[in-house]
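First the structure, in the form of structure tokens, and then the observations on it.
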Amino acid sequence: MSNLLQNTSLLNWDVLEGRNASAAPSWELEPVPAIVNPWDVLLCVTGTLMSCENAVVIALIAYTPTLRAPMFILIGSLAFADLLAGLGLILNFIVTYIIDSGFVTLLSTGLVITAFSASVLNILAITVDRYLSLYNALTYHTEGTVIFTYITLILMWVISTALGSLPVLGWNCLEDESTCSICRPVNKNNAAALAVSFLLVFALILQLYLQICKIAFRHAQQIAVQRQFMTTSHSSSTTKGVSTLTTILGIFAFCWIPLAMYSLVADTRTPVIYTYATALPAICHSIINPMIYAFRNPEILRSLRIACCWCMPYSFTMRPRTPSDV
């Protein structure tokens, strides 16, 4: 590759000196192929897998009439956000190696920020929904819950779009490279704002999950008092629910906190390998989301089986949520 670059520079020098470039050997006239970063290829492949997986979730929810409860609306919104994130990664790869346009670069960056912001906020909304389903179990299945869900979705996507529009509105480093964050063309102030926003969202999710655990244990104690003892099955269900919550929260923290903390302390002088190493787990979280929030759900899983092999009856009833489902 270094030889090709040297030959190209010699050819350009001949042109500047007024020499006949046509007299040069034909192999010197061939364009030098662009160097493709393997990390960018990995991100593009990850985006493709992410898009396909979440497209399946959206299709299942859209074409299954029984999946219309607020819980499934939020799961569908999360899948749509992760689908956009995957498409944004693919577009970013195309912009980096095919399209050379600063404005298109800002648009693709804005799409990625909007999608991942919406993904994180959707997880917060799902956590709120799970908390309300346990805290207000008697009034959860009402029209008010549906209205609240739609208002939450609108507000959430407006906030995500606003965050994604910041690079296009001027929060970028295209004119001043010294202000770039670890993710060009996002500047340091924008990256810091996104990182702090994520940490606040994570703190809210953590608090809500702690409250969910308290409610689950309180329900278990109430049942134990009423029946004078706690059945083994209910105790096991409560323990499984707490274990599930811990796993979900741990995966979320492991994937996102390293990137958030790194973007606060690092800049363009740090090796780019660290940026890819912290960004990849956060991106892969959008691949894990369908496994956590969609394919663990019995109704969605049953719809998937119907779509794949038509081996189960189409009509089924929704069962009440237990602590192990949260």
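Here, A, B, ... name the chains of the structure tokens in the order displayed, residue numbers run from 1 inside each chain, and ligands are numbered from 1 in the same displayed order.
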When you look at Pro167 of chain A with a cut-off of 9 Å (counting only C-alpha atoms), what residues show up, excluding the ones that are within fewer than 5 positions of it in the same chain? I need them as number ranges by chain. A: 106-107, 109-110, 172-173, 185-187, 190
Hey, what's within 6 Å of segment 149-160 of chain A if we count only C-alpha atoms and toss same-chain stuff fewer than 3 positions away? As a PDB file with N, CA, C and O atoms, in the first residue's frame, please?
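Result written to out.pdb:
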ATOM      1  N   THR A 114     -30.288  10.086  17.102  1.00  0.00           N
ATOM      2  CA  THR A 114     -31.731  10.005  17.349  1.00  0.00           C
ATOM      3  C   THR A 114     -32.158   8.580  17.661  1.00  0.00           C
ATOM      4  O   THR A 114     -32.923   8.335  18.615  1.00  0.00           O
ATOM      5  N   SER A 117     -30.679   7.357  21.066  1.00  0.00           N
ATOM      6  CA  SER A 117     -31.343   8.085  22.155  1.00  0.00           C
ATOM      7  C   SER A 117     -32.750   7.536  22.365  1.00  0.00           C
ATOM      8  O   SER A 117     -33.187   7.319  23.506  1.00  0.00           O
ATOM      9  N   ALA A 118     -33.464   7.301  21.266  1.00  0.00           N
ATOM     10  CA  ALA A 118     -34.807   6.732  21.370  1.00  0.00           C
ATOM     11  C   ALA A 118     -34.768   5.325  21.948  1.00  0.00           C
ATOM     12  O   ALA A 118     -35.663   4.927  22.700  1.00  0.00           O
ATOM     13  N   VAL A 146     -53.406   3.502  27.989  1.00  0.00           N
ATOM     14  CA  VAL A 146     -53.105   3.588  26.560  1.00  0.00           C
ATOM     15  C   VAL A 146     -52.788   5.027  26.161  1.00  0.00           C
ATOM     16  O   VAL A 146     -51.817   5.296  25.440  1.00  0.00           O
ATOM     17  N   LEU A 163     -32.252  15.815  20.188  1.00  0.00           N
ATOM     18  CA  LEU A 163     -30.850  15.473  20.433  1.00  0.00           C
ATOM     19  C   LEU A 163     -30.128  15.149  19.126  1.00  0.00           C
ATOM     20  O   LEU A 163     -28.970  15.528  18.930  1.00  0.00           O
TER      21      LEU A 163
END
Report the closest atom pair, with its distance in Å rounded to one decimal, for each residue of segment 94-159 of chain A that has an atom no farther than 9 Å from segment 204-223 of chain A; count only C-alpha atoms, sort by chain and then rising residue number, and write it as JSON lines.
{"residue": "A:Ile123", "atom": "CA", "partner": "A:Ile205", "partner_atom": "CA", "distance": 8.2}
{"residue": "A:Leu124", "atom": "CA", "partner": "A:Ile205", "partner_atom": "CA", "distance": 5.9}
{"residue": "A:Thr127", "atom": "CA", "partner": "A:Ile205", "partner_atom": "CA", "distance": 6.6}
{"residue": "A:Val128", "atom": "CA", "partner": "A:Leu208", "partner_atom": "CA", "distance": 7.0}
{"residue": "A:Arg130", "atom": "CA", "partner": "A:Ile212", "partner_atom": "CA", "distance": 7.8}
{"residue": "A:Tyr131", "atom": "CA", "partner": "A:Ile212", "partner_atom": "CA", "distance": 5.7}
{"residue": "A:Leu134", "atom": "CA", "partner": "A:Ile215", "partner_atom": "CA", "distance": 7.1}
{"residue": "A:Tyr135", "atom": "CA", "partner": "A:Ile215", "partner_atom": "CA", "distance": 7.1}
Taking N, CA, C and O atoms for each residue, export the selection above as a PDB file, in the first residue's frame.
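Saved the output as part32.pdb:
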ATOM      1  N   ILE A 123     -36.329   2.086  26.603  1.00  0.00           N
ATOM      2  CA  ILE A 123     -36.073   1.173  27.723  1.00  0.00           C
ATOM      3  C   ILE A 123     -36.555   1.793  29.024  1.00  0.00           C
ATOM      4  O   ILE A 123     -37.134   1.109  29.885  1.00  0.00           O
ATOM      5  N   LEU A 124     -36.356   3.113  29.182  1.00  0.00           N
ATOM      6  CA  LEU A 124     -36.889   3.811  30.355  1.00  0.00           C
ATOM      7  C   LEU A 124     -38.416   3.736  30.372  1.00  0.00           C
ATOM      8  O   LEU A 124     -39.027   3.484  31.419  1.00  0.00           O
ATOM      9  N   THR A 127     -39.562   0.347  31.403  1.00  0.00           N
ATOM     10  CA  THR A 127     -39.386   0.187  32.841  1.00  0.00           C
ATOM     11  C   THR A 127     -40.500   0.876  33.612  1.00  0.00           C
ATOM     12  O   THR A 127     -41.034   0.335  34.589  1.00  0.00           O
ATOM     13  N   VAL A 128     -40.889   2.084  33.175  1.00  0.00           N
ATOM     14  CA  VAL A 128     -41.999   2.793  33.804  1.00  0.00           C
ATOM     15  C   VAL A 128     -43.292   1.981  33.656  1.00  0.00           C
ATOM     16  O   VAL A 128     -44.090   1.866  34.600  1.00  0.00           O
ATOM     17  N   ARG A 130     -43.620  -1.239  33.347  1.00  0.00           N
ATOM     18  CA  ARG A 130     -43.567  -2.404  34.236  1.00  0.00           C
ATOM     19  C   ARG A 130     -43.822  -1.992  35.682  1.00  0.00           C
ATOM     20  O   ARG A 130     -44.484  -2.721  36.444  1.00  0.00           O
ATOM     21  N   TYR A 131     -43.303  -0.839  36.054  1.00  0.00           N
ATOM     22  CA  TYR A 131     -43.542  -0.353  37.414  1.00  0.00           C
ATOM     23  C   TYR A 131     -45.021  -0.061  37.636  1.00  0.00           C
ATOM     24  O   TYR A 131     -45.607  -0.451  38.656  1.00  0.00           O
ATOM     25  N   LEU A 134     -47.340  -3.074  38.106  1.00  0.00           N
ATOM     26  CA  LEU A 134     -47.307  -3.699  39.428  1.00  0.00           C
ATOM     27  C   LEU A 134     -47.858  -2.771  40.500  1.00  0.00           C
ATOM     28  O   LEU A 134     -48.558  -3.207  41.414  1.00  0.00           O
ATOM     29  N   TYR A 135     -47.555  -1.479  40.385  1.00  0.00           N
ATOM     30  CA  TYR A 135     -47.983  -0.520  41.410  1.00  0.00           C
ATOM     31  C   TYR A 135     -49.474  -0.233  41.309  1.00  0.00           C
ATOM     32  O   TYR A 135     -50.167  -0.104  42.333  1.00  0.00           O
TER      33      TYR A 135
END
Using only C-alpha atoms, which protein or nucleic acid residues come within 7 Å of Phe80 of chain A? Drop anything in the same chain fewer than 3 positions from it, and give the result as a CSV table (one decimal) with N, CA, C and O atoms, in the first residue's frame.
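The resulting part.csv:
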chain,number,residue,atom,x,y,z
A,54,ASN,N,-34.7,-6.6,14.4
A,54,ASN,CA,-35.8,-5.7,14.9
A,54,ASN,C,-36.9,-5.6,13.9
A,54,ASN,O,-38.0,-5.3,14.3
A,58,ILE,N,-40.9,-5.9,14.7
A,58,ILE,CA,-41.9,-5.0,14.3
A,58,ILE,C,-43.0,-5.7,13.4
A,58,ILE,O,-44.2,-5.4,13.6
A,76,GLY,N,-42.6,-2.4,20.4
A,76,GLY,CA,-42.5,-2.1,19.0
A,76,GLY,C,-41.8,-0.8,18.8
A,76,GLY,O,-41.0,-0.7,17.8
A,77,SER,N,-42.0,0.2,19.6
A,77,SER,CA,-41.2,1.5,19.5
A,77,SER,C,-39.7,1.2,19.7
A,77,SER,O,-38.9,1.8,19.0
A,83,LEU,N,-34.1,-0.5,14.9
A,83,LEU,CA,-34.0,-0.7,13.4
A,83,LEU,C,-33.4,0.6,12.8
A,83,LEU,O,-32.6,0.4,11.9
A,84,LEU,N,-33.8,1.7,13.2
A,84,LEU,CA,-33.3,3.0,12.7
A,84,LEU,C,-31.8,3.1,13.0
A,84,LEU,O,-31.0,3.6,12.2
Write out as a ChimeraX atom specification which residues come within 6 Å of segment 268-280 of chain A when counting only C-alpha atoms, dropping same-chain ones fewer than 3 positions away. /A:182,258-259,283
Write out as a ChimeraX atom specification each polymer residue whose atoms come within 8 Å of segment 64-70 of chain A, counting only C-alpha atoms; drop sequence neighbours fewer than 6 positions from it. /A:129,145-146,149,299-300,303
Need to verify the contact set: segment 91-102 of chain A, 8 Å, only C-alpha atoms, exclusion of same-chain residues closer than 2 positions in sequence. Can you return it as a tab-separated table (two decimals) with N, CA and C atoms, in the first residue's frame?
chain	number	residue	atom	x	y	z
A	34	ALA	N	-9.29	2.73	-1.68
A	34	ALA	CA	-9.42	3.28	-0.34
A	34	ALA	C	-9.23	2.19	0.70
A	36	VAL	N	-10.22	0.40	3.88
A	36	VAL	CA	-11.45	0.21	4.65
A	36	VAL	C	-11.06	-0.28	6.04
A	40	ASP	N	-15.02	-0.50	10.97
A	40	ASP	CA	-16.20	0.06	10.29
A	40	ASP	C	-17.00	-1.03	9.60
A	41	VAL	N	-16.30	-2.01	9.05
A	41	VAL	CA	-16.99	-3.14	8.43
A	41	VAL	C	-17.78	-3.91	9.48
A	44	CYS	N	-20.85	-2.03	10.35
A	44	CYS	CA	-21.84	-2.13	9.28
A	44	CYS	C	-22.54	-3.49	9.31
A	87	LEU	N	-29.95	0.94	10.52
A	87	LEU	CA	-29.91	1.62	9.22
A	87	LEU	C	-28.95	2.81	9.26
A	88	GLY	N	-28.89	3.48	10.42
A	88	GLY	CA	-27.97	4.60	10.56
A	88	GLY	C	-26.52	4.16	10.48
A	89	LEU	N	-26.19	3.02	11.04
A	89	LEU	CA	-24.83	2.49	10.95
A	89	LEU	C	-24.47	2.14	9.51
A	104	VAL	N	-24.35	15.47	4.41
A	104	VAL	CA	-24.86	14.10	4.51
A	104	VAL	C	-24.26	13.40	5.73
A	105	THR	N	-23.00	13.71	6.04
A	105	THR	CA	-22.37	13.16	7.23
A	105	THR	C	-23.11	13.60	8.49
A	106	LEU	N	-23.49	14.88	8.54
A	106	LEU	CA	-24.24	15.38	9.69
A	106	LEU	C	-25.61	14.72	9.79
A	108	SER	N	-26.47	11.66	8.70
A	108	SER	CA	-26.31	10.27	9.14
A	108	SER	C	-25.95	10.22	10.62
A	109	THR	N	-25.13	11.18	11.07
A	109	THR	CA	-24.80	11.24	12.50
A	109	THR	C	-26.03	11.57	13.32
A	174	LEU	N	-16.97	20.18	12.23
A	174	LEU	CA	-16.48	20.16	10.85
A	174	LEU	C	-15.59	21.36	10.55
Selection: 9 Å around Asn289 of chain A, only C-alpha atoms, excl. self and same-chain fewer than 5 positions, as a list in words: Asn54, Leu78, Ala79, Asp82, Ile123, Cys284 and Ala294 of chain A
Just to confirm, what's the straight-line distance from atom CA of Leu49 of chain A to atom CA of Leu301 of chain A in Å (one decimal)? 19.2 Å
For Phe198 of chain A, which of A:Leu121, A:Ala137, A:Ile306, A:Val45 is the closest residue, counting only C-alpha atoms? A:Leu121
How would you write, as a PDB file with C-alpha atoms, in the first residue's frame, the set of residues in segment 42-252 of chain A that DSSP gives as helix (DSSP H, G or I)?
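The resulting file, result27.pdb, is reproduced below:
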ATOM      1  CA  LEU A  42     -17.844  -4.820  11.739  1.00  0.00           C
ATOM      2  CA  LEU A  43     -20.140  -1.939  12.674  1.00  0.00           C
ATOM      3  CA  CYS A  44     -21.841  -2.134   9.277  1.00  0.00           C
ATOM      4  CA  VAL A  45     -22.393  -5.885   9.645  1.00  0.00           C
ATOM      5  CA  THR A  46     -23.685  -5.339  13.174  1.00  0.00           C
ATOM      6  CA  GLY A  47     -26.085  -2.703  11.868  1.00  0.00           C
ATOM      7  CA  THR A  48     -27.364  -5.119   9.230  1.00  0.00           C
ATOM      8  CA  LEU A  49     -28.025  -7.853  11.808  1.00  0.00           C
ATOM      9  CA  MET A  50     -29.643  -5.301  14.096  1.00  0.00           C
ATOM     10  CA  SER A  51     -31.968  -4.091  11.351  1.00  0.00           C
ATOM     11  CA  CYS A  52     -33.062  -7.582  10.325  1.00  0.00           C
ATOM     12  CA  GLU A  53     -33.692  -8.763  13.895  1.00  0.00           C
ATOM     13  CA  ASN A  54     -35.757  -5.740  14.899  1.00  0.00           C
ATOM     14  CA  ALA A  55     -37.655  -5.781  11.602  1.00  0.00           C
ATOM     15  CA  VAL A  56     -38.907  -9.245  12.585  1.00  0.00           C
ATOM     16  CA  VAL A  57     -40.142  -7.902  15.929  1.00  0.00           C
ATOM     17  CA  ILE A  58     -41.949  -4.995  14.255  1.00  0.00           C
ATOM     18  CA  ALA A  59     -43.582  -7.321  11.727  1.00  0.00           C
ATOM     19  CA  LEU A  60     -44.803  -9.682  14.464  1.00  0.00           C
ATOM     20  CA  ILE A  61     -46.352  -6.864  16.487  1.00  0.00           C
ATOM     21  CA  ALA A  62     -47.850  -5.136  13.432  1.00  0.00           C
ATOM     22  CA  PRO A  70     -49.324  -0.679  25.876  1.00  0.00           C
ATOM     23  CA  MET A  71     -46.536  -3.107  26.689  1.00  0.00           C
ATOM     24  CA  PHE A  72     -46.353  -4.295  23.060  1.00  0.00           C
ATOM     25  CA  ILE A  73     -46.600  -0.723  21.733  1.00  0.00           C
ATOM     26  CA  LEU A  74     -43.498   0.182  23.729  1.00  0.00           C
ATOM     27  CA  ILE A  75     -41.668  -2.954  22.605  1.00  0.00           C
ATOM     28  CA  GLY A  76     -42.529  -2.092  19.006  1.00  0.00           C
ATOM     29  CA  SER A  77     -41.233   1.451  19.495  1.00  0.00           C
ATOM     30  CA  LEU A  78     -37.992   0.071  20.928  1.00  0.00           C
ATOM     31  CA  ALA A  79     -37.625  -2.268  17.951  1.00  0.00           C
ATOM     32  CA  PHE A  80     -38.256   0.632  15.554  1.00  0.00           C
ATOM     33  CA  ALA A  81     -35.575   2.720  17.283  1.00  0.00           C
ATOM     34  CA  ASP A  82     -33.075  -0.135  17.065  1.00  0.00           C
ATOM     35  CA  LEU A  83     -34.032  -0.687  13.425  1.00  0.00           C
ATOM     36  CA  LEU A  84     -33.258   2.971  12.694  1.00  0.00           C
ATOM     37  CA  ALA A  85     -29.982   2.606  14.588  1.00  0.00           C
ATOM     38  CA  GLY A  86     -28.975  -0.296  12.366  1.00  0.00           C
ATOM     39  CA  LEU A  87     -29.906   1.617   9.221  1.00  0.00           C
ATOM     40  CA  GLY A  88     -27.969   4.598  10.562  1.00  0.00           C
ATOM     41  CA  LEU A  89     -24.828   2.494  10.953  1.00  0.00           C
ATOM     42  CA  ILE A  90     -25.187   1.228   7.378  1.00  0.00           C
ATOM     43  CA  LEU A  91     -25.722   4.773   6.100  1.00  0.00           C
ATOM     44  CA  ASN A  92     -22.735   5.996   8.093  1.00  0.00           C
ATOM     45  CA  PHE A  93     -20.556   3.359   6.424  1.00  0.00           C
ATOM     46  CA  ILE A  94     -21.787   4.457   2.980  1.00  0.00           C
ATOM     47  CA  VAL A  95     -21.158   8.113   3.799  1.00  0.00           C
ATOM     48  CA  THR A  96     -17.660   7.368   5.092  1.00  0.00           C
ATOM     49  CA  TYR A  97     -16.437   5.396   2.079  1.00  0.00           C
ATOM     50  CA  GLY A 102     -20.300  17.171   5.093  1.00  0.00           C
ATOM     51  CA  PHE A 103     -24.053  17.765   5.188  1.00  0.00           C
ATOM     52  CA  VAL A 104     -24.861  14.097   4.510  1.00  0.00           C
ATOM     53  CA  THR A 105     -22.370  13.159   7.232  1.00  0.00           C
ATOM     54  CA  LEU A 106     -24.242  15.380   9.690  1.00  0.00           C
ATOM     55  CA  LEU A 107     -27.567  13.836   8.662  1.00  0.00           C
ATOM     56  CA  SER A 108     -26.305  10.275   9.141  1.00  0.00           C
ATOM     57  CA  THR A 109     -24.796  11.242  12.502  1.00  0.00           C
ATOM     58  CA  GLY A 110     -28.079  12.835  13.540  1.00  0.00           C
ATOM     59  CA  LEU A 111     -29.966   9.683  12.566  1.00  0.00           C
ATOM     60  CA  VAL A 112     -27.650   7.501  14.666  1.00  0.00           C
ATOM     61  CA  ILE A 113     -27.939   9.818  17.689  1.00  0.00           C
ATOM     62  CA  THR A 114     -31.731  10.005  17.349  1.00  0.00           C
ATOM     63  CA  ALA A 115     -32.065   6.234  17.051  1.00  0.00           C
ATOM     64  CA  PHE A 116     -29.845   5.316  19.986  1.00  0.00           C
ATOM     65  CA  SER A 117     -31.343   8.085  22.155  1.00  0.00           C
ATOM     66  CA  ALA A 118     -34.807   6.732  21.370  1.00  0.00           C
ATOM     67  CA  SER A 119     -33.619   3.205  22.157  1.00  0.00           C
ATOM     68  CA  VAL A 120     -32.428   4.218  25.630  1.00  0.00           C
ATOM     69  CA  LEU A 121     -35.554   6.288  26.306  1.00  0.00           C
ATOM     70  CA  ASN A 122     -37.756   3.401  25.166  1.00  0.00           C
ATOM     71  CA  ILE A 123     -36.073   1.173  27.723  1.00  0.00           C
ATOM     72  CA  LEU A 124     -36.889   3.811  30.355  1.00  0.00           C
ATOM     73  CA  ALA A 125     -40.509   3.891  29.139  1.00  0.00           C
ATOM     74  CA  ILE A 126     -40.748   0.079  29.304  1.00  0.00           C
ATOM     75  CA  THR A 127     -39.386   0.187  32.841  1.00  0.00           C
ATOM     76  CA  VAL A 128     -41.999   2.793  33.804  1.00  0.00           C
ATOM     77  CA  ASP A 129     -44.707   0.615  32.238  1.00  0.00           C
ATOM     78  CA  ARG A 130     -43.567  -2.404  34.236  1.00  0.00           C
ATOM     79  CA  TYR A 131     -43.542  -0.353  37.414  1.00  0.00           C
ATOM     80  CA  LEU A 132     -47.071   0.947  36.805  1.00  0.00           C
ATOM     81  CA  SER A 133     -48.351  -2.544  35.952  1.00  0.00           C
ATOM     82  CA  LEU A 134     -47.307  -3.699  39.428  1.00  0.00           C
ATOM     83  CA  TYR A 135     -47.983  -0.520  41.410  1.00  0.00           C
ATOM     84  CA  GLU A 143     -57.959   3.448  28.469  1.00  0.00           C
ATOM     85  CA  GLY A 144     -55.959   5.925  30.528  1.00  0.00           C
ATOM     86  CA  THR A 145     -52.901   3.695  30.353  1.00  0.00           C
ATOM     87  CA  VAL A 146     -53.105   3.588  26.560  1.00  0.00           C
ATOM     88  CA  ILE A 147     -53.356   7.380  26.339  1.00  0.00           C
ATOM     89  CA  PHE A 148     -50.435   7.763  28.748  1.00  0.00           C
ATOM     90  CA  THR A 149     -48.380   5.375  26.625  1.00  0.00           C
ATOM     91  CA  TYR A 150     -48.975   7.311  23.421  1.00  0.00           C
ATOM     92  CA  ILE A 151     -48.157  10.631  25.121  1.00  0.00           C
ATOM     93  CA  THR A 152     -44.954   9.092  26.467  1.00  0.00           C
ATOM     94  CA  LEU A 153     -43.993   7.842  23.008  1.00  0.00           C
ATOM     95  CA  ILE A 154     -44.558  11.238  21.391  1.00  0.00           C
ATOM     96  CA  LEU A 155     -42.560  13.063  24.065  1.00  0.00           C
ATOM     97  CA  MET A 156     -39.784  10.488  23.902  1.00  0.00           C
ATOM     98  CA  TRP A 157     -39.369  10.701  20.124  1.00  0.00           C
ATOM     99  CA  VAL A 158     -39.474  14.511  20.217  1.00  0.00           C
ATOM    100  CA  ILE A 159     -36.612  14.534  22.734  1.00  0.00           C
ATOM    101  CA  SER A 160     -34.641  12.004  20.689  1.00  0.00           C
ATOM    102  CA  THR A 161     -35.147  13.986  17.482  1.00  0.00           C
ATOM    103  CA  ALA A 162     -34.039  17.164  19.248  1.00  0.00           C
ATOM    104  CA  LEU A 163     -30.850  15.473  20.433  1.00  0.00           C
ATOM    105  CA  GLY A 164     -30.193  14.105  16.947  1.00  0.00           C
ATOM    106  CA  SER A 165     -30.665  17.505  15.333  1.00  0.00           C
ATOM    107  CA  GLU A 177     -11.277  19.806  14.357  1.00  0.00           C
ATOM    108  CA  SER A 178      -9.873  20.684  17.788  1.00  0.00           C
ATOM    109  CA  THR A 179     -13.402  20.619  19.258  1.00  0.00           C
ATOM    110  CA  LYS A 188     -17.164  17.697  22.864  1.00  0.00           C
ATOM    111  CA  ASN A 189     -20.094  19.673  24.265  1.00  0.00           C
ATOM    112  CA  ASN A 190     -22.625  17.558  22.387  1.00  0.00           C
ATOM    113  CA  ALA A 191     -20.941  14.321  23.452  1.00  0.00           C
ATOM    114  CA  ALA A 192     -20.856  15.476  27.088  1.00  0.00           C
ATOM    115  CA  ALA A 193     -24.546  16.414  26.984  1.00  0.00           C
ATOM    116  CA  LEU A 194     -25.455  13.004  25.565  1.00  0.00           C
ATOM    117  CA  ALA A 195     -23.314  11.190  28.154  1.00  0.00           C
ATOM    118  CA  VAL A 196     -24.808  13.095  31.089  1.00  0.00           C
ATOM    119  CA  SER A 197     -28.327  12.536  29.740  1.00  0.00           C
ATOM    120  CA  PHE A 198     -27.677   8.805  29.538  1.00  0.00           C
ATOM    121  CA  LEU A 199     -26.332   8.656  33.093  1.00  0.00           C
ATOM    122  CA  LEU A 200     -29.477  10.425  34.324  1.00  0.00           C
ATOM    123  CA  VAL A 201     -31.681   7.967  32.433  1.00  0.00           C
ATOM    124  CA  PHE A 202     -29.709   5.052  33.866  1.00  0.00           C
ATOM    125  CA  ALA A 203     -30.186   6.438  37.383  1.00  0.00           C
ATOM    126  CA  LEU A 204     -33.957   6.624  36.797  1.00  0.00           C
ATOM    127  CA  ILE A 205     -34.063   3.063  35.463  1.00  0.00           C
ATOM    128  CA  LEU A 206     -32.060   1.836  38.445  1.00  0.00           C
ATOM    129  CA  GLN A 207     -34.430   3.558  40.874  1.00  0.00           C
ATOM    130  CA  LEU A 208     -37.494   2.136  39.131  1.00  0.00           C
ATOM    131  CA  TYR A 209     -36.087  -1.398  39.167  1.00  0.00           C
ATOM    132  CA  LEU A 210     -35.386  -1.089  42.886  1.00  0.00           C
ATOM    133  CA  GLN A 211     -38.990  -0.037  43.413  1.00  0.00           C
ATOM    134  CA  ILE A 212     -40.206  -2.956  41.288  1.00  0.00           C
ATOM    135  CA  CYS A 213     -38.196  -5.366  43.448  1.00  0.00           C
ATOM    136  CA  LYS A 214     -39.679  -3.856  46.604  1.00  0.00           C
ATOM    137  CA  ILE A 215     -43.212  -4.193  45.240  1.00  0.00           C
ATOM    138  CA  ALA A 216     -42.593  -7.808  44.195  1.00  0.00           C
ATOM    139  CA  PHE A 217     -41.297  -8.748  47.641  1.00  0.00           C
ATOM    140  CA  ARG A 218     -44.149  -6.875  49.342  1.00  0.00           C
ATOM    141  CA  HIS A 219     -46.697  -8.772  47.269  1.00  0.00           C
ATOM    142  CA  ALA A 220     -44.977 -12.030  48.180  1.00  0.00           C
ATOM    143  CA  GLN A 221     -45.115 -11.144  51.877  1.00  0.00           C
ATOM    144  CA  GLN A 222     -48.803 -10.221  51.656  1.00  0.00           C
ATOM    145  CA  ILE A 223     -49.614 -13.541  50.035  1.00  0.00           C
ATOM    146  CA  ALA A 224     -47.579 -15.315  52.691  1.00  0.00           C
ATOM    147  CA  VAL A 225     -49.516 -13.581  55.471  1.00  0.00           C
ATOM    148  CA  GLN A 226     -52.887 -14.349  53.890  1.00  0.00           C
ATOM    149  CA  ARG A 227     -52.035 -18.013  53.366  1.00  0.00           C
ATOM    150  CA  THR A 232     -42.535 -22.711  46.887  1.00  0.00           C
ATOM    151  CA  SER A 233     -43.700 -21.803  43.387  1.00  0.00           C
ATOM    152  CA  HIS A 234     -44.469 -18.180  44.264  1.00  0.00           C
ATOM    153  CA  SER A 235     -41.184 -17.772  46.128  1.00  0.00           C
ATOM    154  CA  SER A 236     -39.343 -19.195  43.152  1.00  0.00           C
ATOM    155  CA  SER A 237     -41.228 -16.877  40.806  1.00  0.00           C
ATOM    156  CA  THR A 238     -40.318 -13.805  42.876  1.00  0.00           C
ATOM    157  CA  THR A 239     -36.667 -14.841  43.061  1.00  0.00           C
ATOM    158  CA  LYS A 240     -36.600 -15.443  39.324  1.00  0.00           C
ATOM    159  CA  GLY A 241     -38.105 -12.013  38.714  1.00  0.00           C
ATOM    160  CA  VAL A 242     -35.458 -10.270  40.804  1.00  0.00           C
ATOM    161  CA  SER A 243     -32.733 -12.267  39.086  1.00  0.00           C
ATOM    162  CA  THR A 244     -34.133 -11.274  35.692  1.00  0.00           C
ATOM    163  CA  LEU A 245     -34.191  -7.595  36.662  1.00  0.00           C
ATOM    164  CA  THR A 246     -30.593  -7.787  37.862  1.00  0.00           C
ATOM    165  CA  THR A 247     -29.501  -9.407  34.600  1.00  0.00           C
ATOM    166  CA  ILE A 248     -31.324  -6.832  32.455  1.00  0.00           C
ATOM    167  CA  LEU A 249     -29.901  -3.910  34.413  1.00  0.00           C
ATOM    168  CA  GLY A 250     -26.412  -5.430  34.446  1.00  0.00           C
ATOM    169  CA  ILE A 251     -26.384  -5.921  30.675  1.00  0.00           C
ATOM    170  CA  PHE A 252     -27.631  -2.378  30.144  1.00  0.00           C
TER     171      PHE A 252
END
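What separates atom CA of Leu166 of chain A from atom CA of Asn37 of chain A is a distance of 26.9 Å.
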